[in-house]
Amino acid sequence: MPTHRHWPLAVHLSLLFGFSMLIFGLWMLPVLLVGYPYVLPSFHEQAQVFVDTGMLPTGSGRLATLIVWWLHSFMSWQNIIGWSAVSAAVFAAGLVPWWFSVWRIFDTKIAWLSTVILSLLPMYWIEALRLSGYSFALFFLFLGFALFLVLWPRS
């Protein structure tokens with residue numbers, strides 16, 4: 001049996017997809033057992049103001065406000081567990097470009113180790129359940145890292 005370094009990228013990506021689903025379930029387990037998250041999601045209030053007034057907030061978080069506004073068509077504002085699940089899913093999806101970026105810079109062992117450590121950090125766990133600008137910001141930041149590393153040799 002080949003070692004993890006010699007597995008094809010498709011195997012690593014399928015394992016990463018499974019790990020993302022597993023960590024999503026681990027993050028959501030306390031929310032599902034208790035019935036509500038430890039920190040109530042508050043970012044959707046800006047999207048509610050956008051729905052009511054048609055005006056985007058003047059501070060940061062305009063893109064996240066538009067994303068939450070778009071997601072509102074699929075779930076109600078009162079679905080606190082659903083909004084926590086959206087935030088956790090975005091964080092879990094952000095682990096994929098994170099792994100890819102670390103893999104491009106180092107190797108598979110470092111990529112897996114850093115991904116597991118990152119996903120189990122207490123601060124990351126709390127932010128994963130709280131619908132805030134961090135979930136979308138970190139997803140797009142990690143995606144930007146990955147795209148930079150893909151396009152860097154070409155330019």
# chains A, B, ... in the order shown; residues from 1 in each chain; ligands from 1
>>> select_by_dssp(residues="chain A", states="alpha helix (DSSP H)", output="ChimeraX atom specification")
/A:9-34,44-53,62-71,80-105,108-120,122-129,133-151
>>> closest_atom_pairs(of="region 21-55 of chain A", to="region 60-79 of chain A", cutoff="10 Å", atoms="only C-alpha atoms", output="CSV")
residue,atom,partner,partner_atom,distance
A:Tyr36,CA,A:Asn79,CA,9.6
A:Phe43,CA,A:Thr65,CA,7.7
A:His44,CA,A:Val68,CA,6.3
A:Glu45,CA,A:Trp77,CA,8.7
A:Gln46,CA,A:Thr65,CA,6.3
A:Ala47,CA,A:Thr65,CA,5.0
A:Gln48,CA,A:Trp69,CA,7.4
A:Val49,CA,A:Thr65,CA,9.5
A:Phe50,CA,A:Trp69,CA,7.7
A:Val51,CA,A:Trp69,CA,7.2
>>> residues_around(residues="region 121-130 of chain A", least_positions_apart="5", cutoff="12 Å", atoms="only C-alpha atoms", output="ChimeraX atom specification")
/A:23-32,36-44,80-95,114-116,135-139
>>> atom_distance(atom1="CA of Phe19 (chain A)", atom2="CA of Pro153 (chain A)")
29.2 Å
>>> closest_residue(among="A:Thr53, A:Gly133, A:Thr108, A:Leu120", to="Leu9 (chain A)", atoms="only C-alpha atoms")
A:Thr108
>>> residues_around(residues="region 147-152 of chain A", least_positions_apart="4", cutoff="12 Å", atoms="only C-alpha atoms", output="count of residues only")
13
>>> decode(residues="region 24-62 of chain A", atoms="N, CA and C atoms", output="PDB file, in the first residue's frame")
ATOM      1  N   PHE A  24     -17.757  19.336  10.096  1.00  0.00           N
ATOM      2  CA  PHE A  24     -19.030  20.047  10.124  1.00  0.00           C
ATOM      3  C   PHE A  24     -19.967  19.396  11.144  1.00  0.00           C
ATOM      4  N   GLY A  25     -20.037  18.068  11.121  1.00  0.00           N
ATOM      5  CA  GLY A  25     -20.875  17.358  12.091  1.00  0.00           C
ATOM      6  C   GLY A  25     -20.385  17.532  13.518  1.00  0.00           C
ATOM      7  N   LEU A  26     -19.073  17.545  13.690  1.00  0.00           N
ATOM      8  CA  LEU A  26     -18.517  17.749  15.025  1.00  0.00           C
ATOM      9  C   LEU A  26     -18.818  19.150  15.539  1.00  0.00           C
ATOM     10  N   TRP A  27     -18.691  20.158  14.672  1.00  0.00           N
ATOM     11  CA  TRP A  27     -19.010  21.535  15.070  1.00  0.00           C
ATOM     12  C   TRP A  27     -20.488  21.679  15.408  1.00  0.00           C
ATOM     13  N   MET A  28     -21.355  21.032  14.655  1.00  0.00           N
ATOM     14  CA  MET A  28     -22.788  21.177  14.837  1.00  0.00           C
ATOM     15  C   MET A  28     -23.350  20.293  15.945  1.00  0.00           C
ATOM     16  N   LEU A  29     -22.585  19.333  16.426  1.00  0.00           N
ATOM     17  CA  LEU A  29     -23.083  18.416  17.447  1.00  0.00           C
ATOM     18  C   LEU A  29     -23.588  19.135  18.701  1.00  0.00           C
ATOM     19  N   PRO A  30     -22.842  20.073  19.293  1.00  0.00           N
ATOM     20  CA  PRO A  30     -23.394  20.762  20.470  1.00  0.00           C
ATOM     21  C   PRO A  30     -24.650  21.569  20.161  1.00  0.00           C
ATOM     22  N   VAL A  31     -24.699  22.154  18.988  1.00  0.00           N
ATOM     23  CA  VAL A  31     -25.872  22.942  18.603  1.00  0.00           C
ATOM     24  C   VAL A  31     -27.089  22.043  18.477  1.00  0.00           C
ATOM     25  N   LEU A  32     -26.915  20.896  17.873  1.00  0.00           N
ATOM     26  CA  LEU A  32     -28.041  19.982  17.690  1.00  0.00           C
ATOM     27  C   LEU A  32     -28.470  19.345  19.014  1.00  0.00           C
ATOM     28  N   LEU A  33     -27.525  19.092  19.898  1.00  0.00           N
ATOM     29  CA  LEU A  33     -27.879  18.495  21.190  1.00  0.00           C
ATOM     30  C   LEU A  33     -28.596  19.485  22.100  1.00  0.00           C
ATOM     31  N   VAL A  34     -28.152  20.739  22.107  1.00  0.00           N
ATOM     32  CA  VAL A  34     -28.748  21.741  22.988  1.00  0.00           C
ATOM     33  C   VAL A  34     -29.986  22.362  22.352  1.00  0.00           C
ATOM     34  N   GLY A  35     -29.962  22.532  21.041  1.00  0.00           N
ATOM     35  CA  GLY A  35     -31.103  23.134  20.358  1.00  0.00           C
ATOM     36  C   GLY A  35     -30.866  24.564  19.931  1.00  0.00           C
ATOM     37  N   TYR A  36     -29.751  25.123  20.324  1.00  0.00           N
ATOM     38  CA  TYR A  36     -29.378  26.471  19.901  1.00  0.00           C
ATOM     39  C   TYR A  36     -27.867  26.615  20.076  1.00  0.00           C
ATOM     40  N   PRO A  37     -27.227  27.514  19.322  1.00  0.00           N
ATOM     41  CA  PRO A  37     -25.772  27.664  19.438  1.00  0.00           C
ATOM     42  C   PRO A  37     -25.380  28.414  20.701  1.00  0.00           C
ATOM     43  N   TYR A  38     -24.125  28.240  21.087  1.00  0.00           N
ATOM     44  CA  TYR A  38     -23.587  28.919  22.261  1.00  0.00           C
ATOM     45  C   TYR A  38     -23.612  30.435  22.060  1.00  0.00           C
ATOM     46  N   VAL A  39     -23.240  30.876  20.883  1.00  0.00           N
ATOM     47  CA  VAL A  39     -23.278  32.290  20.526  1.00  0.00           C
ATOM     48  C   VAL A  39     -24.338  32.442  19.441  1.00  0.00           C
ATOM     49  N   LEU A  40     -25.342  33.252  19.713  1.00  0.00           N
ATOM     50  CA  LEU A  40     -26.419  33.403  18.746  1.00  0.00           C
ATOM     51  C   LEU A  40     -25.934  34.169  17.520  1.00  0.00           C
ATOM     52  N   PRO A  41     -26.313  33.724  16.326  1.00  0.00           N
ATOM     53  CA  PRO A  41     -25.895  34.433  15.117  1.00  0.00           C
ATOM     54  C   PRO A  41     -26.545  35.808  15.053  1.00  0.00           C
ATOM     55  N   SER A  42     -25.755  36.811  14.764  1.00  0.00           N
ATOM     56  CA  SER A  42     -26.285  38.173  14.743  1.00  0.00           C
ATOM     57  C   SER A  42     -26.047  38.868  13.418  1.00  0.00           C
ATOM     58  N   PHE A  43     -25.269  38.260  12.543  1.00  0.00           N
ATOM     59  CA  PHE A  43     -24.922  38.943  11.303  1.00  0.00           C
ATOM     60  C   PHE A  43     -26.122  39.080  10.370  1.00  0.00           C
ATOM     61  N   HIS A  44     -27.099  38.197  10.508  1.00  0.00           N
ATOM     62  CA  HIS A  44     -28.250  38.266   9.616  1.00  0.00           C
ATOM     63  C   HIS A  44     -29.111  39.492   9.895  1.00  0.00           C
ATOM     64  N   GLU A  45     -28.871  40.195  11.021  1.00  0.00           N
ATOM     65  CA  GLU A  45     -29.629  41.424  11.292  1.00  0.00           C
ATOM     66  C   GLU A  45     -29.343  42.489  10.241  1.00  0.00           C
ATOM     67  N   GLN A  46     -28.086  42.557   9.779  1.00  0.00           N
ATOM     68  CA  GLN A  46     -27.767  43.513   8.715  1.00  0.00           C
ATOM     69  C   GLN A  46     -28.498  43.151   7.434  1.00  0.00           C
ATOM     70  N   ALA A  47     -28.633  41.872   7.163  1.00  0.00           N
ATOM     71  CA  ALA A  47     -29.375  41.452   5.974  1.00  0.00           C
ATOM     72  C   ALA A  47     -30.860  41.746   6.127  1.00  0.00           C
ATOM     73  N   GLN A  48     -31.393  41.632   7.346  1.00  0.00           N
ATOM     74  CA  GLN A  48     -32.795  41.990   7.578  1.00  0.00           C
ATOM     75  C   GLN A  48     -33.012  43.479   7.327  1.00  0.00           C
ATOM     76  N   VAL A  49     -32.075  44.304   7.762  1.00  0.00           N
ATOM     77  CA  VAL A  49     -32.170  45.740   7.497  1.00  0.00           C
ATOM     78  C   VAL A  49     -32.115  45.995   5.997  1.00  0.00           C
ATOM     79  N   PHE A  50     -31.275  45.247   5.283  1.00  0.00           N
ATOM     80  CA  PHE A  50     -31.198  45.400   3.833  1.00  0.00           C
ATOM     81  C   PHE A  50     -32.519  45.018   3.169  1.00  0.00           C
ATOM     82  N   VAL A  51     -33.163  43.958   3.664  1.00  0.00           N
ATOM     83  CA  VAL A  51     -34.457  43.542   3.113  1.00  0.00           C
ATOM     84  C   VAL A  51     -35.507  44.624   3.371  1.00  0.00           C
ATOM     85  N   ASP A  52     -35.504  45.191   4.574  1.00  0.00           N
ATOM     86  CA  ASP A  52     -36.525  46.175   4.946  1.00  0.00           C
ATOM     87  C   ASP A  52     -36.318  47.526   4.281  1.00  0.00           C
ATOM     88  N   THR A  53     -35.062  47.974   4.209  1.00  0.00           N
ATOM     89  CA  THR A  53     -34.795  49.333   3.715  1.00  0.00           C
ATOM     90  C   THR A  53     -34.216  49.384   2.316  1.00  0.00           C
ATOM     91  N   GLY A  54     -33.582  48.308   1.870  1.00  0.00           N
ATOM     92  CA  GLY A  54     -32.942  48.314   0.562  1.00  0.00           C
ATOM     93  C   GLY A  54     -31.571  48.976   0.584  1.00  0.00           C
ATOM     94  N   MET A  55     -31.051  49.276   1.764  1.00  0.00           N
ATOM     95  CA  MET A  55     -29.756  49.943   1.878  1.00  0.00           C
ATOM     96  C   MET A  55     -28.737  48.985   2.490  1.00  0.00           C
ATOM     97  N   LEU A  56     -27.562  48.909   1.872  1.00  0.00           N
ATOM     98  CA  LEU A  56     -26.479  48.094   2.414  1.00  0.00           C
ATOM     99  C   LEU A  56     -25.839  48.814   3.596  1.00  0.00           C
ATOM    100  N   PRO A  57     -25.257  48.079   4.539  1.00  0.00           N
ATOM    101  CA  PRO A  57     -24.599  48.748   5.664  1.00  0.00           C
ATOM    102  C   PRO A  57     -23.398  49.548   5.182  1.00  0.00           C
ATOM    103  N   THR A  58     -23.086  50.597   5.904  1.00  0.00           N
ATOM    104  CA  THR A  58     -21.977  51.451   5.493  1.00  0.00           C
ATOM    105  C   THR A  58     -20.637  50.909   5.951  1.00  0.00           C
ATOM    106  N   GLY A  59     -20.617  50.063   6.955  1.00  0.00           N
ATOM    107  CA  GLY A  59     -19.362  49.506   7.456  1.00  0.00           C
ATOM    108  C   GLY A  59     -18.921  48.316   6.629  1.00  0.00           C
ATOM    109  N   SER A  60     -18.187  47.433   7.278  1.00  0.00           N
ATOM    110  CA  SER A  60     -17.718  46.239   6.586  1.00  0.00           C
ATOM    111  C   SER A  60     -18.834  45.193   6.506  1.00  0.00           C
ATOM    112  N   GLY A  61     -18.616  44.202   5.678  1.00  0.00           N
ATOM    113  CA  GLY A  61     -19.552  43.095   5.596  1.00  0.00           C
ATOM    114  C   GLY A  61     -20.635  43.230   4.548  1.00  0.00           C
ATOM    115  N   ARG A  62     -20.404  44.039   3.531  1.00  0.00           N
ATOM    116  CA  ARG A  62     -21.455  44.206   2.517  1.00  0.00           C
ATOM    117  C   ARG A  62     -21.655  42.941   1.687  1.00  0.00           C
TER     118      ARG A  62
END
